[in-house]
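Source file: input.txt (compact mmCIF, C-alpha atoms)
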# COMPACT_ATOMS: atom_id res chain seq x y z
CA MET X 30 -29.16 -25.02 15.51
CA LEU X 31 -28.54 -25.80 11.87
CA LEU X 32 -30.88 -24.41 9.31
CA SER X 33 -32.27 -27.03 7.04
CA MET X 34 -30.50 -26.06 3.86
CA LYS X 35 -29.49 -28.36 1.11
CA GLU X 36 -28.23 -25.63 -1.14
CA THR X 37 -25.41 -26.42 -3.50
CA ILE X 38 -22.22 -24.43 -3.02
CA LEU X 39 -19.56 -24.49 -5.71
CA VAL X 40 -16.00 -24.74 -4.40
CA VAL X 41 -13.49 -23.90 -7.11
CA GLY X 42 -10.22 -25.71 -6.40
CA GLY X 43 -9.38 -28.87 -4.52
CA GLY X 44 -6.28 -27.89 -2.60
CA ILE X 45 -6.37 -27.71 1.17
CA ALA X 46 -8.45 -24.50 1.09
CA GLY X 47 -11.11 -26.04 -1.13
CA MET X 48 -11.16 -29.37 0.68
CA GLU X 49 -11.42 -27.78 4.14
CA THR X 50 -14.14 -25.40 2.97
CA ALA X 51 -16.12 -28.33 1.56
CA VAL X 52 -15.75 -30.35 4.76
CA GLN X 53 -17.03 -27.43 6.83
CA LEU X 54 -19.90 -26.62 4.46
CA LYS X 55 -20.97 -30.24 4.63
CA ALA X 56 -20.86 -30.12 8.43
CA LEU X 57 -23.09 -27.04 8.28
CA GLY X 58 -25.68 -29.00 6.34
CA LEU X 59 -24.95 -27.57 2.92
CA THR X 60 -24.03 -29.40 -0.28
CA PRO X 61 -20.56 -28.46 -1.48
CA VAL X 62 -19.28 -29.50 -4.90
CA ILE X 63 -15.54 -29.37 -5.55
CA VAL X 64 -14.27 -28.67 -9.04
CA GLU X 65 -10.55 -29.35 -9.46
CA LYS X 66 -8.61 -28.85 -12.67
CA ASN X 67 -5.95 -31.46 -11.82
CA SER X 68 -6.48 -35.19 -11.72
CA SER X 69 -6.22 -35.40 -7.93
CA LEU X 70 -6.93 -33.27 -4.86
CA GLY X 71 -4.33 -31.83 -2.51
CA GLY X 72 -2.86 -28.99 -4.57
CA HIS X 73 0.59 -27.76 -3.64
CA VAL X 74 0.61 -29.49 -0.24
CA ALA X 75 0.47 -32.84 -2.06
CA GLN X 76 3.76 -31.90 -3.72
CA TRP X 77 5.49 -31.16 -0.44
CA ASN X 78 7.35 -33.62 1.76
CA ARG X 79 7.33 -32.09 5.24
CA LEU X 80 5.89 -28.86 6.64
CA PHE X 81 7.40 -26.24 8.96
CA PRO X 82 7.80 -25.69 11.84
CA ASP X 83 7.24 -29.18 13.30
CA MET X 84 8.42 -31.19 10.27
CA THR X 85 4.91 -32.63 9.95
CA PRO X 86 4.64 -34.94 6.92
CA ALA X 87 2.47 -33.17 4.33
CA SER X 88 0.63 -36.46 3.73
CA LYS X 89 -0.56 -36.38 7.33
CA VAL X 90 -2.36 -33.07 6.67
CA LEU X 91 -4.09 -34.50 3.60
CA GLU X 92 -4.93 -37.92 5.02
CA PRO X 93 -8.18 -37.04 6.88
CA TYR X 94 -9.79 -35.59 3.75
CA ASP X 95 -10.23 -38.99 2.08
CA GLU X 96 -12.75 -39.92 4.74
CA ALA X 97 -14.15 -36.43 5.34
CA LEU X 98 -14.95 -35.85 1.66
CA LYS X 99 -16.54 -39.23 1.05
CA GLU X 100 -20.01 -37.82 0.56
CA VAL X 101 -18.95 -34.71 -1.31
CA ASP X 102 -19.31 -34.48 -5.08
CA ILE X 103 -15.91 -33.94 -6.62
CA TYR X 104 -15.11 -33.29 -10.26
CA THR X 105 -11.41 -33.70 -11.02
CA ASP X 106 -9.78 -32.94 -14.37
CA THR X 107 -12.52 -30.34 -14.69
CA GLU X 108 -12.32 -26.63 -15.21
CA ILE X 109 -14.92 -23.92 -14.93
CA ALA X 110 -15.84 -22.81 -18.43
CA SER X 111 -17.93 -19.91 -17.20
CA ILE X 112 -19.99 -18.69 -14.29
CA ASN X 113 -23.18 -16.79 -15.00
CA SER X 114 -24.96 -14.68 -12.48
CA LEU X 115 -28.69 -15.44 -12.42
CA GLN X 116 -31.25 -13.62 -10.37
CA LYS X 117 -30.91 -15.60 -7.17
CA GLU X 118 -28.09 -17.96 -7.89
CA TYR X 119 -25.13 -18.73 -10.07
CA ALA X 120 -24.90 -21.18 -12.95
CA ALA X 121 -21.47 -22.63 -13.52
CA VAL X 122 -20.71 -24.36 -16.79
CA LEU X 123 -18.04 -27.01 -16.34
CA SER X 124 -15.58 -28.21 -18.94
CA ASN X 125 -17.22 -31.65 -18.80
CA GLY X 126 -20.41 -30.12 -20.20
CA LYS X 127 -22.36 -30.12 -16.95
CA THR X 128 -24.07 -27.04 -15.60
CA LEU X 129 -24.15 -26.53 -11.89
CA ARG X 130 -26.66 -24.27 -10.22
CA CYS X 131 -25.39 -23.00 -6.91
CA LYS X 132 -26.32 -20.45 -4.27
CA ALA X 133 -22.76 -19.36 -3.64
CA VAL X 134 -19.27 -19.84 -4.99
CA VAL X 135 -16.12 -20.17 -2.92
CA PHE X 136 -12.96 -19.48 -4.87
CA ALA X 137 -10.12 -21.59 -3.53
CA THR X 138 -8.06 -21.41 -6.66
CA GLY X 139 -4.72 -21.09 -4.89
CA PHE X 140 -1.45 -19.77 -6.24
CA LYS X 141 1.33 -20.54 -8.64
CA LEU X 142 4.91 -21.08 -7.66
CA PHE X 143 7.09 -18.51 -9.40
CA GLU X 144 8.72 -19.97 -12.51
CA ALA X 145 12.37 -19.79 -11.54
CA GLU X 146 13.60 -19.90 -15.14
CA LYS X 147 12.26 -16.36 -15.50
CA LYS X 148 15.14 -15.20 -13.29
CA GLU X 149 17.62 -16.23 -15.93
CA GLU X 150 20.59 -14.90 -13.96
CA TYR X 151 20.06 -17.71 -11.43
CA GLY X 152 20.48 -20.37 -14.10
CA TYR X 153 17.50 -22.61 -13.41
CA GLY X 154 17.10 -24.95 -16.36
CA ILE X 155 20.53 -23.85 -17.60
CA TYR X 156 22.98 -25.21 -15.02
CA ASP X 157 22.85 -28.77 -13.73
CA ARG X 158 23.24 -27.85 -10.08
CA VAL X 159 20.36 -25.40 -9.72
CA ILE X 160 16.98 -26.60 -8.42
CA THR X 161 13.93 -25.04 -6.77
CA ASN X 162 12.37 -25.50 -3.35
CA ARG X 163 9.69 -27.69 -4.96
CA ASP X 164 12.32 -29.84 -6.69
CA LEU X 165 14.03 -30.35 -3.34
CA GLU X 166 10.75 -31.38 -1.67
CA ARG X 167 10.25 -33.91 -4.45
CA TRP X 168 13.80 -35.14 -3.91
CA PHE X 169 13.06 -35.60 -0.19
CA ASP X 170 10.20 -37.84 -1.31
CA THR X 171 11.86 -39.77 -4.11
CA ARG X 172 15.61 -39.37 -3.49
CA SER X 173 15.99 -39.29 -7.21
CA ASP X 174 17.14 -36.17 -9.04
CA GLU X 175 20.40 -36.22 -10.90
CA ARG X 176 20.94 -32.54 -10.15
CA VAL X 177 21.39 -33.34 -6.43
CA PRO X 178 24.95 -34.64 -5.90
CA ALA X 179 25.63 -37.63 -3.65
CA LYS X 180 28.05 -35.79 -1.36
CA PRO X 181 27.73 -32.02 -1.65
CA ALA X 182 30.51 -30.02 0.01
CA ALA X 183 28.49 -26.81 -0.07
CA ILE X 184 24.84 -25.95 -0.64
CA GLY X 185 23.28 -22.52 -1.10
CA PHE X 186 19.71 -21.29 -0.69
CA VAL X 187 18.52 -18.13 -2.45
CA HIS X 188 15.62 -16.43 -0.70
CA CYS X 189 13.02 -14.22 -2.44
CA VAL X 190 13.21 -15.73 -5.93
CA GLY X 191 10.54 -13.85 -7.85
CA SER X 192 9.20 -12.29 -4.65
CA ARG X 193 9.64 -8.66 -3.56
CA ASP X 194 10.75 -8.20 -7.13
CA VAL X 195 8.94 -5.49 -9.03
CA LYS X 196 10.72 -6.39 -12.24
CA ALA X 197 9.48 -9.96 -11.96
CA GLY X 198 5.98 -8.50 -11.57
CA ASN X 199 5.63 -9.50 -7.92
CA SER X 200 6.12 -6.77 -5.38
CA GLN X 201 4.65 -8.89 -2.57
CA CYS X 202 6.52 -10.92 0.01
CA SER X 203 5.75 -14.60 -0.50
CA LYS X 204 5.76 -15.03 3.27
CA VAL X 205 6.55 -18.75 3.55
CA CYS X 206 9.95 -18.96 1.80
CA CYS X 207 12.15 -17.70 4.66
CA ILE X 208 10.92 -20.41 6.98
CA THR X 209 10.86 -23.01 4.17
CA ALA X 210 14.51 -22.24 3.35
CA ILE X 211 15.43 -22.70 6.99
CA LYS X 212 13.47 -25.96 7.15
CA GLN X 213 15.10 -27.30 4.01
CA ALA X 214 18.57 -26.12 5.12
CA ILE X 215 18.14 -28.00 8.40
CA GLU X 216 16.92 -31.11 6.56
CA MET X 217 19.97 -31.00 4.27
CA LYS X 218 22.32 -30.46 7.19
CA GLU X 219 20.82 -33.51 8.91
CA LEU X 220 21.45 -35.58 5.78
CA PHE X 221 24.90 -34.08 5.14
CA PRO X 222 26.40 -32.94 8.48
CA ASP X 223 29.76 -31.97 6.96
CA THR X 224 28.25 -29.78 4.27
CA GLU X 225 28.54 -26.00 4.53
CA ILE X 226 25.14 -24.41 4.00
CA TYR X 227 24.62 -20.77 3.06
CA CYS X 228 21.32 -18.89 3.00
CA PHE X 229 21.35 -15.66 0.98
CA TYR X 230 18.60 -13.37 2.23
CA MET X 231 17.39 -9.78 1.94
CA ASP X 232 15.43 -9.80 5.20
CA LEU X 233 14.43 -12.76 7.27
CA ARG X 234 10.70 -12.62 7.91
CA LEU X 235 10.02 -15.20 10.59
CA PHE X 236 6.63 -14.07 11.79
CA GLY X 237 4.95 -17.31 12.82
CA LYS X 238 4.80 -19.33 15.99
CA LYS X 239 8.05 -21.23 16.51
CA TYR X 240 9.64 -19.75 13.38
CA GLU X 241 12.20 -17.66 15.25
CA ASP X 242 13.15 -20.68 17.37
CA PHE X 243 13.64 -22.60 14.16
CA TYR X 244 15.97 -19.86 12.97
CA ILE X 245 17.96 -19.86 16.20
CA ASN X 246 18.30 -23.67 15.90
CA ALA X 247 19.51 -23.33 12.33
CA GLN X 248 22.14 -20.81 13.42
CA ARG X 249 23.31 -22.29 16.71
CA ASP X 250 22.75 -26.05 16.43
CA TYR X 251 23.20 -26.59 12.70
CA GLY X 252 25.76 -23.87 11.98
CA ILE X 253 23.95 -22.69 8.87
CA HIS X 254 25.49 -19.48 7.51
CA PHE X 255 23.17 -16.58 6.82
CA ILE X 256 24.54 -14.06 4.34
CA ARG X 257 22.62 -10.81 4.02
CA GLY X 258 22.63 -9.97 0.35
CA ARG X 259 20.62 -10.80 -2.71
CA VAL X 260 22.32 -13.14 -5.16
CA SER X 261 23.07 -11.15 -8.29
CA GLU X 262 24.22 -13.91 -10.60
CA VAL X 263 25.12 -17.56 -10.81
CA ALA X 264 27.72 -19.04 -13.15
CA GLU X 265 28.90 -22.55 -13.85
CA THR X 266 32.49 -23.39 -12.97
CA ILE X 267 34.74 -25.51 -15.18
CA ASP X 268 34.22 -28.52 -12.90
CA GLY X 269 30.43 -28.33 -13.16
CA ARG X 270 29.76 -26.62 -9.84
CA VAL X 271 28.08 -23.23 -9.56
CA GLN X 272 29.58 -19.97 -8.38
CA VAL X 273 27.28 -17.54 -6.68
CA LYS X 274 27.91 -13.80 -6.47
CA ALA X 275 26.26 -11.46 -4.03
CA GLU X 276 27.14 -8.58 -1.78
CA ASP X 277 27.82 -9.35 1.83
CA THR X 278 25.94 -6.21 2.81
CA LEU X 279 26.98 -6.50 6.45
CA SER X 280 30.64 -6.28 5.41
CA GLY X 281 29.92 -3.97 2.51
CA LYS X 282 31.99 -6.18 0.23
CA PRO X 283 31.26 -8.45 -2.71
CA VAL X 284 31.10 -12.13 -1.81
CA LYS X 285 31.63 -15.25 -3.92
CA VAL X 286 31.19 -18.92 -3.12
CA LYS X 287 31.35 -22.15 -5.11
CA LEU X 288 28.55 -24.60 -4.45
CA ASP X 289 27.55 -28.15 -5.37
CA LEU X 290 23.86 -27.38 -5.20
CA LEU X 291 21.86 -24.17 -5.33
CA VAL X 292 18.23 -24.15 -4.21
CA LEU X 293 16.04 -21.29 -5.41
CA MET X 294 13.19 -20.35 -3.08
CA SER X 295 10.49 -19.74 -5.67
CA GLY X 296 7.77 -17.63 -4.18
CA ILE X 297 3.99 -17.71 -4.09
CA VAL X 298 2.62 -15.65 -6.99
CA CYS X 299 -0.89 -15.16 -8.31
CA ASP X 300 -2.28 -17.64 -10.81
CA ARG X 301 -3.19 -15.55 -13.84
CA ALA X 302 -5.15 -18.47 -15.24
CA ASN X 303 -7.96 -17.29 -12.91
CA ASN X 304 -8.16 -13.80 -14.40
CA GLU X 305 -10.78 -14.73 -16.95
CA LEU X 306 -12.93 -16.46 -14.35
CA ALA X 307 -12.72 -13.45 -12.06
CA ARG X 308 -13.68 -11.13 -14.88
CA SER X 309 -16.70 -13.25 -15.81
CA VAL X 310 -18.24 -12.65 -12.38
CA SER X 311 -16.89 -9.07 -12.08
CA LEU X 312 -14.65 -10.05 -9.19
CA PRO X 313 -11.93 -7.43 -8.81
CA LEU X 314 -8.26 -8.38 -8.66
CA ASP X 315 -5.70 -6.61 -6.53
CA GLU X 316 -2.64 -4.88 -7.97
CA ASP X 317 -0.61 -7.99 -7.15
CA GLY X 318 -2.95 -10.10 -9.30
CA PHE X 319 -4.53 -11.95 -6.38
CA PHE X 320 -8.29 -11.82 -5.77
CA ARG X 321 -9.38 -8.73 -3.86
CA SER X 322 -11.03 -9.33 -0.51
CA LEU X 323 -13.82 -7.09 0.75
CA ASP X 324 -11.22 -5.73 3.16
CA ASN X 325 -7.97 -7.02 4.56
CA ILE X 326 -8.95 -7.14 8.21
CA ALA X 327 -12.41 -8.48 8.91
CA GLY X 328 -13.51 -9.33 5.40
CA VAL X 329 -10.66 -11.39 3.99
CA THR X 330 -12.89 -14.27 2.87
CA ARG X 331 -15.66 -12.01 1.57
CA THR X 332 -15.83 -10.05 -1.67
CA ASP X 333 -17.88 -7.07 -2.78
CA ARG X 334 -20.01 -9.43 -4.88
CA LYS X 335 -22.99 -11.20 -3.34
CA GLY X 336 -22.54 -14.93 -2.93
CA LEU X 337 -18.88 -14.96 -3.93
CA PHE X 338 -16.30 -15.89 -1.30
CA LEU X 339 -12.56 -16.48 -1.12
CA ALA X 340 -10.51 -19.06 0.75
CA GLY X 341 -6.77 -19.51 0.97
CA THR X 342 -3.97 -18.31 -1.24
CA CYS X 343 -6.10 -17.04 -4.11
CA SER X 344 -6.16 -13.76 -2.16
CA GLY X 345 -2.45 -13.70 -1.27
CA PRO X 346 0.44 -15.75 0.11
CA LYS X 347 -0.51 -17.81 3.16
CA THR X 348 0.76 -20.63 5.35
CA VAL X 349 -1.06 -23.96 5.68
CA PRO X 350 -2.65 -23.17 9.08
CA GLU X 351 -3.73 -19.74 7.86
CA THR X 352 -5.27 -21.31 4.78
CA LEU X 353 -7.17 -23.86 6.85
CA ALA X 354 -8.44 -21.20 9.25
CA GLU X 355 -9.56 -19.11 6.33
CA ALA X 356 -11.36 -22.02 4.71
CA ARG X 357 -13.33 -22.55 7.91
CA SER X 358 -14.09 -18.87 8.05
CA ALA X 359 -15.24 -18.86 4.42
CA ALA X 360 -17.63 -21.76 5.11
CA LEU X 361 -19.15 -19.85 8.03
CA GLN X 362 -19.48 -16.73 5.90
CA VAL X 363 -21.37 -18.73 3.27
CA TYR X 364 -23.65 -20.12 5.95
CA GLN X 365 -24.35 -16.68 7.43
CA TYR X 366 -25.01 -15.31 3.97
CA LEU X 367 -27.58 -18.01 3.17
CA LYS X 368 -29.18 -17.67 6.58
CA ALA X 369 -29.62 -13.92 6.12
CA LYS X 370 -31.08 -14.52 2.68
CA LYS X 371 -33.68 -16.94 4.04
CA LYS X 372 -35.13 -14.46 6.48
CA MET R 28 56.68 0.02 -17.37
CA ASP R 29 54.38 2.72 -16.05
CA PHE R 30 50.97 2.80 -17.67
CA GLY R 31 49.80 5.61 -15.41
CA PHE R 32 47.49 3.34 -13.40
CA SER R 33 47.74 0.34 -11.14
CA LEU R 34 45.46 -2.51 -10.15
CA SER R 35 44.20 -2.73 -6.60
CA PRO R 36 43.65 -6.22 -5.19
CA SER R 37 40.09 -7.58 -5.24
CA SER R 38 38.12 -6.85 -2.11
CA ALA R 39 35.77 -9.77 -2.76
CA ILE R 40 35.21 -12.26 0.04
CA GLU R 41 35.59 -15.84 -1.14
CA LEU R 42 33.59 -17.89 1.33
CA ASP R 43 35.03 -21.26 0.38
CA THR R 44 38.68 -20.32 0.69
CA LEU R 45 38.79 -17.86 3.60
CA ASP R 46 40.18 -18.94 6.95
CA SER R 47 37.41 -19.05 9.56
CA ALA R 48 39.14 -21.54 11.87
CA LEU R 49 39.07 -19.08 14.77
CA TYR R 50 35.34 -18.53 14.36
CA ARG R 51 34.68 -22.25 14.34
CA LYS R 52 36.77 -22.70 17.47
CA LEU R 53 34.89 -19.86 19.15
CA CYS R 54 31.54 -21.46 18.25
CA ARG R 55 32.57 -24.76 19.73
CA ILE R 56 33.21 -23.00 23.06
CA GLU R 57 30.43 -20.40 22.75
CA PRO R 58 27.69 -21.77 20.43
CA GLY R 59 25.58 -18.72 21.24
CA ALA R 60 27.95 -16.59 19.16
CA ARG R 61 26.39 -18.10 16.06
CA THR R 62 22.99 -16.62 16.85
CA CYS R 63 24.04 -13.00 16.20
CA ILE R 64 21.51 -11.25 13.96
CA ALA R 65 23.69 -8.18 13.39
CA CYS R 66 21.15 -5.86 15.03
CA GLY R 67 23.89 -3.52 16.23
CA SER R 68 22.69 -3.09 19.83
CA CYS R 69 26.14 -4.02 21.10
CA SER R 70 27.89 -1.36 19.05
CA ALA R 71 25.25 1.24 19.81
CA THR R 72 25.72 0.87 23.56
CA CYS R 73 29.51 0.39 23.51
CA THR R 74 31.40 3.14 25.34
CA ALA R 75 34.54 2.45 23.34
CA ALA R 76 32.77 2.31 19.96
CA GLU R 77 32.57 6.01 19.34
CA HIS R 78 36.29 6.57 19.58
CA SER R 79 37.72 3.25 18.50
CA GLY R 80 35.30 1.45 16.18
CA MET R 81 34.86 -1.42 18.64
CA SER R 82 31.82 -3.53 17.78
CA VAL R 83 30.97 -7.08 18.81
CA ARG R 84 28.80 -7.39 15.72
CA LYS R 85 31.72 -6.51 13.47
CA LEU R 86 34.03 -8.68 15.52
CA LEU R 87 31.84 -11.76 14.95
CA LEU R 88 31.43 -10.96 11.27
CA GLY R 89 35.17 -10.30 10.92
CA LEU R 90 35.96 -13.71 12.40
CA GLN R 91 33.51 -15.38 9.99
CA ARG R 92 35.13 -13.61 7.08
CA GLY R 93 38.70 -14.29 8.19
CA ARG R 94 39.67 -10.69 8.95
CA LYS R 95 41.92 -11.46 11.88
CA ALA R 96 43.94 -8.25 11.97
CA GLU R 97 40.81 -6.09 12.05
CA VAL R 98 39.36 -8.17 14.87
CA GLU R 99 42.57 -7.92 16.84
CA ARG R 100 42.55 -4.13 16.53
CA MET R 101 38.99 -3.99 17.79
CA LEU R 102 39.62 -6.32 20.70
CA SER R 103 42.38 -4.10 22.05
CA ASN R 104 39.83 -1.31 22.56
CA CYS R 105 37.35 -3.30 24.66
CA MET R 106 37.16 -2.34 28.34
CA LEU R 107 35.12 -5.41 29.28
CA CYS R 108 32.38 -3.31 30.85
CA GLY R 109 29.74 -5.81 29.70
CA LYS R 110 27.13 -3.32 28.52
CA CYS R 111 26.87 -5.19 25.22
CA THR R 112 25.90 -8.35 27.10
CA MET R 113 23.08 -6.46 28.81
CA VAL R 114 21.50 -5.29 25.56
CA CYS R 115 21.97 -8.34 23.30
CA PRO R 116 18.44 -9.51 22.31
CA ARG R 117 19.74 -13.01 21.52
CA GLY R 118 21.19 -13.36 25.00
CA ILE R 119 24.70 -13.89 23.68
CA ASN R 120 27.25 -13.58 26.47
CA THR R 121 29.24 -11.09 24.43
CA ARG R 122 31.67 -10.32 27.24
CA ARG R 123 32.57 -13.98 27.48
CA VAL R 124 32.78 -14.14 23.67
CA ILE R 125 35.34 -11.34 23.75
CA LEU R 126 37.37 -13.02 26.49
CA THR R 127 37.23 -16.34 24.62
CA VAL R 128 38.40 -14.74 21.41
CA CYS R 129 41.29 -13.09 23.32
CA ARG R 130 42.24 -16.47 24.74
CA LEU R 131 42.08 -18.05 21.29
CA TYR R 132 44.33 -15.33 19.89
CA ASP R 133 46.77 -15.97 22.73
CA ASN R 134 46.87 -19.72 22.05
CA VAL R 135 46.73 -19.68 18.32
CA GLU R 136 48.47 -16.53 17.32
CA GLY R 137 50.65 -15.71 20.27
CA THR R 138 49.48 -12.10 20.07
CA LEU R 139 47.60 -9.86 22.48

Show how you would write the structure in this file as structure tokens.
Amino acid sequence: MLLSMKETILVVGGGIAGMETAVQLKALGLTPVIVEKNSSLGGHVAQWNRLFPDMTPASKVLEPYDEALKEVDIYTDTEIASINSLQKEYAAVLSNGKTLRCKAVVFATGFKLFEAEKKEEYGYGIYDRVITNRDLERWFDTRSDERVPAKPAAIGFVHCVGSRDVKAGNSQCSKVCCITAIKQAIEMKELFPDTEIYCFYMDLRLFGKKYEDFYINAQRDYGIHFIRGRVSEVAETIDGRVQVKAEDTLSGKPVKVKLDLLVLMSGIVCDRANNELARSVSLPLDEDGFFRSLDNIAGVTRTDRKGLFLAGTCSGPKTVPETLAEARSAALQVYQYLKAKKK
Amino acid sequence: MDFGFSLSPSSAIELDTLDSALYRKLCRIEPGARTCIACGSCSATCTAAEHSGMSVRKLLLGLQRGRKAEVERMLSNCMLCGKCTMVCPRGINTRRVILTVCRLYDNVEGTL
């Protein structure tokens, strides 16, 4: 039985984690309010074309939220100026001047995609034939990007760009790039069957349901070449292509290849823009810069601060289904928390 | 003129110019060969490996990288016992791969 609670819950961030949390809070009889800094909801998923491993259109994941969030208060183009801890609740001051009193706060502030230009040796923003995974998704949507040639003879994918890279400040594995590279490689091979496609990887981490099958398909049915070795540098050739250098670690020899398009798999990294917000409510950050959960097994969506909860990639790299599951879990945690408080 | 040193040829693999025709032919007949993940089970179990350097993993990689002579040397050491087929986690019929490669060498190269 639902408790009769009309308490306001602040949900910071309107990506899939925030939206799903709000939908579930609403269903539990609470009053969620979403505050989103961008002009529309949907976060990173809204910038993606199709999702692994079933090639689901990203728009299909977002579609139901229009209806489901109809009765939820949403502030877009709005940031949190500050959150103050009162005796029994929190008061959030929004950038639009409003103050919101709420019983709990769910942080669903998400992640940032690693800025590929920081790995200067890969030439993003320098060479015309180098793009990122996000650029390619946009190209799938729009088919307009002058960096993507009409008939590429060879395409390369660089895994772990900015991930598992201590010097780039991100020691963590971004988790979703291996499978995203394989998805995008297959999509390109379907569009350009005669194109040679090379994936340069350090390890392939295909942990999820159907991921390994996806990999086997990419190898066997699409003939995508997997080269074990991290790309060390990219250079432009005289005819405007790019030459990639790596070590073929399985052969123990240096390897070179000229490509018409190079796709950098920028990884999920923490969004440092949230640091100030976290500090204002004494929410600890992990060494990797993501929000710190109460623990990493049973308390992923909880924090060591009363009334503050986490959902989605603000606590670390996650897939879409993991994020959704976590959002539902966070909503339940909020509900349990309020219920215990009422007693 | 002797400068007291000499240049050795580059050992770099150039993926766009190397000759992998044999590998592509093999994959048309045995698509499973493409699914090798270089785990090394085949070499670890191979009776001939210890004394001869035979390795199905290296054989497949050698074909992809155009190292035909090296592959040929390895093939001559295989006793076709099929232990590698038993242990392959990808279910590649490695024994048949070896026989296919031998047949391809026969047709294409006239060797073996």

| task | Using all atoms listed in the file, select each residue of chain X with any atom at most 7 Å away from an atom of chain R, and give the selection as a PyMOL selection string. | result | chain X and resi 245+248-249+282-287

Cut-off 12 Å: closest stretch 264-338 of chain X/stretch 119-142 of chain X atom pairs per residue, using all atoms listed in the file, as CSV:
residue,atom,partner,partner_atom,distance
X:Leu293,CA,X:Leu142,CA,11.4
X:Met294,CA,X:Leu142,CA,9.5
X:Ser295,CA,X:Leu142,CA,6.1
X:Gly296,CA,X:Leu142,CA,5.7
X:Ile297,CA,X:Leu142,CA,5.0
X:Val298,CA,X:Lys141,CA,5.3
X:Cys299,CA,X:Phe140,CA,5.1
X:Asp300,CA,X:Phe140,CA,5.1
X:Arg301,CA,X:Lys141,CA,8.5
X:Ala302,CA,X:Lys141,CA,9.5
X:Asn303,CA,X:Thr138,CA,7.5
X:Asn304,CA,X:Thr138,CA,10.9
X:Leu306,CA,X:Phe136,CA,9.9
X:Ala307,CA,X:Phe136,CA,9.4
X:Ser309,CA,X:Ala121,CA,10.8
X:Val310,CA,X:Tyr119,CA,9.5
X:Leu312,CA,X:Phe136,CA,10.5
X:Asp317,CA,X:Phe140,CA,11.8
X:Gly318,CA,X:Phe140,CA,10.3
X:Phe319,CA,X:Phe140,CA,8.4
X:Phe320,CA,X:Phe136,CA,9.0
X:Arg321,CA,X:Phe136,CA,11.4
X:Ser322,CA,X:Phe136,CA,11.2
X:Thr330,CA,X:Val135,CA,8.9
X:Arg331,CA,X:Val135,CA,9.3
X:Thr332,CA,X:Val135,CA,10.2
X:Arg334,CA,X:Ala133,CA,10.4
X:Lys335,CA,X:Ala133,CA,8.2
X:Gly336,CA,X:Ala133,CA,4.5
X:Leu337,CA,X:Val134,CA,5.0
X:Phe338,CA,X:Val135,CA,4.6

| field | Within 8 Å of stretch 180-197 of chain X using only C-alpha atoms, minus same-chain residues under 3 positions, as a ChimeraX atom specification | value | /X:143-145,147-148,200-203,206-207,210,214,221,223-231,259-260,287-298

| Could you pull the residues within 12 Å of stretch 327-329 of chain X, counting all atoms listed in the file, minus those fewer than 3 positions along the same chain, as an MDAnalysis selection string? | chainID X and resid 320:324 332:333 337:345 351:352 354:356 358:359 362

May I have the residues from that selection written out with C-alpha atoms, as an mmCIF file, in the coordinates of the input?
data_model
loop_
_atom_site.group_PDB
_atom_site.id
_atom_site.type_symbol
_atom_site.label_atom_id
_atom_site.label_comp_id
_atom_site.auth_asym_id
_atom_site.auth_seq_id
_atom_site.Cartn_x
_atom_site.Cartn_y
_atom_site.Cartn_z
ATOM 1 C CA PHE X 320 -8.290 -11.820 -5.770
ATOM 2 C CA ARG X 321 -9.380 -8.730 -3.860
ATOM 3 C CA SER X 322 -11.030 -9.330 -0.510
ATOM 4 C CA LEU X 323 -13.820 -7.090 0.750
ATOM 5 C CA ASP X 324 -11.220 -5.730 3.160
ATOM 6 C CA THR X 332 -15.830 -10.050 -1.670
ATOM 7 C CA ASP X 333 -17.880 -7.070 -2.780
ATOM 8 C CA LEU X 337 -18.880 -14.960 -3.930
ATOM 9 C CA PHE X 338 -16.300 -15.890 -1.300
ATOM 10 C CA LEU X 339 -12.560 -16.480 -1.120
ATOM 11 C CA ALA X 340 -10.510 -19.060 0.750
ATOM 12 C CA GLY X 341 -6.770 -19.510 0.970
ATOM 13 C CA THR X 342 -3.970 -18.310 -1.240
ATOM 14 C CA CYS X 343 -6.100 -17.040 -4.110
ATOM 15 C CA SER X 344 -6.160 -13.760 -2.160
ATOM 16 C CA GLY X 345 -2.450 -13.700 -1.270
ATOM 17 C CA GLU X 351 -3.730 -19.740 7.860
ATOM 18 C CA THR X 352 -5.270 -21.310 4.780
ATOM 19 C CA ALA X 354 -8.440 -21.200 9.250
ATOM 20 C CA GLU X 355 -9.560 -19.110 6.330
ATOM 21 C CA ALA X 356 -11.360 -22.020 4.710
ATOM 22 C CA SER X 358 -14.090 -18.870 8.050
ATOM 23 C CA ALA X 359 -15.240 -18.860 4.420
ATOM 24 C CA GLN X 362 -19.480 -16.730 5.900
#

| query | If we count all atoms listed in the file, what is near X:Gly269 at a cut-off of 10 Å, once residues fewer than 3 positions away on the same chain are taken out, given as an NGL selection string? | reply | :X and (156-158 or 264-266 or 272 or 288-289)

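What separates atom CA of X:Pro178 from atom CA of X:Glu166 is a distance of 15.2 Å.
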
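The space between atom CA of X:Leu220 and atom CA of X:Ala87 spans 19.2 Å.
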
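Atom CA of X:Ala51 lies 13.4 Å from atom CA of X:Lys35.
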
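Neighbours of X:Lys238 closer than or equal to 12 Å, with all atoms listed in the file counted and sequence neighbours fewer than 4 positions away skipped, come out as Phe81, Pro82, Asp83, Ile208, Asp242, Phe243, Tyr244, Thr348, Pro350 and Glu351 of chain X.
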